[in-house]
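Reviewing the structure listed below.
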Amino acid sequence: MTKDYERFNKFCEQYDMYADGTEEKVIEFLKGKFPEEYKKALEEADDGISDFPPEQSVSPSMIWGYMQNDDEFFESVENWFKETFPDEDFG
């Protein structure tokens, strides 16, 4: 299955996933929701190149990269945003 990077990038823009402090919260959510994919992303982040601990190098895109069902990822994260920020209009 080919990943739709354009869809992912638009999704990140729409929900401002990389806003200050938001990315870390999204990663914590994804870690609990998709533990196997998080574990694979953590192993990828533990490449020895970065000066940061692997836990600080994992990104939502890395977790998404290991997802078999992209729709499940997008729906889960979208629902998380709507529950976490109920007053926001994500248009």
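Residue names in the structure tokens use chain letters A, B, ... in the order shown, residue numbers from 1 in each chain, and ligand numbers from 1 in the order shown.
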Report the closest atom pair, with its distance in Å rounded to one decimal, for each residue of range 26-64 of chain A that has an atom no farther than 9 Å from range 10-22 of chain A; count only C-alpha atoms, sort by chain and then rising residue number, and write it as CSV.
residue,atom,partner,partner_atom,distance
A:Val26,CA,A:Thr22,CA,6.2
A:Ile27,CA,A:Thr22,CA,8.6
A:Pro60,CA,A:Met17,CA,8.6
- Item | Test item: residues at most 12 Å from range 75-82 of chain A, only C-alpha atoms, excluding those fewer than 2 positions along its chain, as a ChimeraX atom specification | /A:8,11-12,14-17,22-23,25-34,60-61,63-64,67,69-73,84-91
- Task: Point out the residue among A:Thr2, A:Glu83, A:Tyr38, A:Gln68 with the least atom-to-atom distance to Pro54 in chain A, counting only C-alpha atoms.
- Result: A:Tyr38
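Counting from CA of Glu55 in chain A, the distance to CA of Leu42 in chain A is 6.4 Å.
Candidate residues A:Glu24, A:Asp4, A:Glu36, A:Asp47 were compared for distance to Ser59 in chain A, and the nearest is A:Glu24, using only C-alpha atoms.
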- Calculate how many Å separate CA of Gly65 in chain A from CA of Tyr5 in chain A, rounding to one decimal. 9.6 Å
- Message: Residues within 9 Å of Ser57 in chain A, please, as a list of chain:residue names. Count only C-alpha atoms; anything in the same chain fewer than 5 positions from it doesn't count.
- Response: A:Leu42, A:Ala45, A:Asp46, A:Ser50, A:Phe52
Write a file of the just-selected residues containing all heavy atoms, as an mmCIF file, in the first residue's frame.
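Here's the written file out_7.cif:
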data_model
loop_
_atom_site.group_PDB
_atom_site.id
_atom_site.type_symbol
_atom_site.label_atom_id
_atom_site.label_comp_id
_atom_site.auth_asym_id
_atom_site.auth_seq_id
_atom_site.Cartn_x
_atom_site.Cartn_y
_atom_site.Cartn_z
ATOM 1 N N LEU A 42 9.628 3.870 17.375
ATOM 2 C CA LEU A 42 10.649 4.050 18.405
ATOM 3 C C LEU A 42 11.937 3.325 18.014
ATOM 4 O O LEU A 42 13.033 3.867 18.163
ATOM 5 C CB LEU A 42 10.122 3.533 19.747
ATOM 6 C CG LEU A 42 10.964 3.789 20.969
ATOM 7 C CD1 LEU A 42 11.145 5.288 21.210
ATOM 8 C CD2 LEU A 42 10.319 3.142 22.193
ATOM 9 N N ALA A 45 13.585 5.362 15.440
ATOM 10 C CA ALA A 45 14.188 6.569 16.011
ATOM 11 C C ALA A 45 15.482 6.255 16.758
ATOM 12 O O ALA A 45 16.314 7.139 16.957
ATOM 13 C CB ALA A 45 13.196 7.249 16.956
ATOM 14 N N ASP A 46 15.646 5.014 17.152
ATOM 15 C CA ASP A 46 16.840 4.604 17.887
ATOM 16 C C ASP A 46 17.932 4.192 16.897
ATOM 17 O O ASP A 46 18.502 3.112 16.973
ATOM 18 C CB ASP A 46 16.507 3.454 18.836
ATOM 19 C CG ASP A 46 17.632 3.170 19.813
ATOM 20 O OD1 ASP A 46 18.500 4.044 20.016
ATOM 21 O OD2 ASP A 46 17.644 2.055 20.389
ATOM 22 N N SER A 50 20.731 10.567 16.011
ATOM 23 C CA SER A 50 20.241 11.735 16.743
ATOM 24 C C SER A 50 20.887 11.836 18.119
ATOM 25 O O SER A 50 21.218 10.831 18.741
ATOM 26 C CB SER A 50 18.719 11.634 16.899
ATOM 27 O OG SER A 50 18.232 12.692 17.684
ATOM 28 N N PHE A 52 19.202 13.117 20.513
ATOM 29 C CA PHE A 52 18.056 13.025 21.414
ATOM 30 C C PHE A 52 17.726 11.571 21.703
ATOM 31 O O PHE A 52 17.966 10.695 20.870
ATOM 32 C CB PHE A 52 16.826 13.693 20.782
ATOM 33 C CG PHE A 52 16.993 15.164 20.568
ATOM 34 C CD1 PHE A 52 17.226 15.665 19.298
ATOM 35 C CD2 PHE A 52 16.921 16.046 21.637
ATOM 36 C CE1 PHE A 52 17.385 17.017 19.086
ATOM 37 C CE2 PHE A 52 17.081 17.407 21.433
ATOM 38 C CZ PHE A 52 17.310 17.897 20.158
#
- Can you list every residue in chain A that DSSP puts in helix (DSSP H, G or I), as a ChimeraX atom specification? /A:5-15,22-33,35-45,54-57,60-65,70-84
- Item | Residue neighbourhood Tyr66 in chain A, 8 Å, only C-alpha atoms, exclusion window fewer than 3 positions, as a list of chain:residue names | A:Glu37, A:Lys40, A:Ala41, A:Met62, A:Ile63
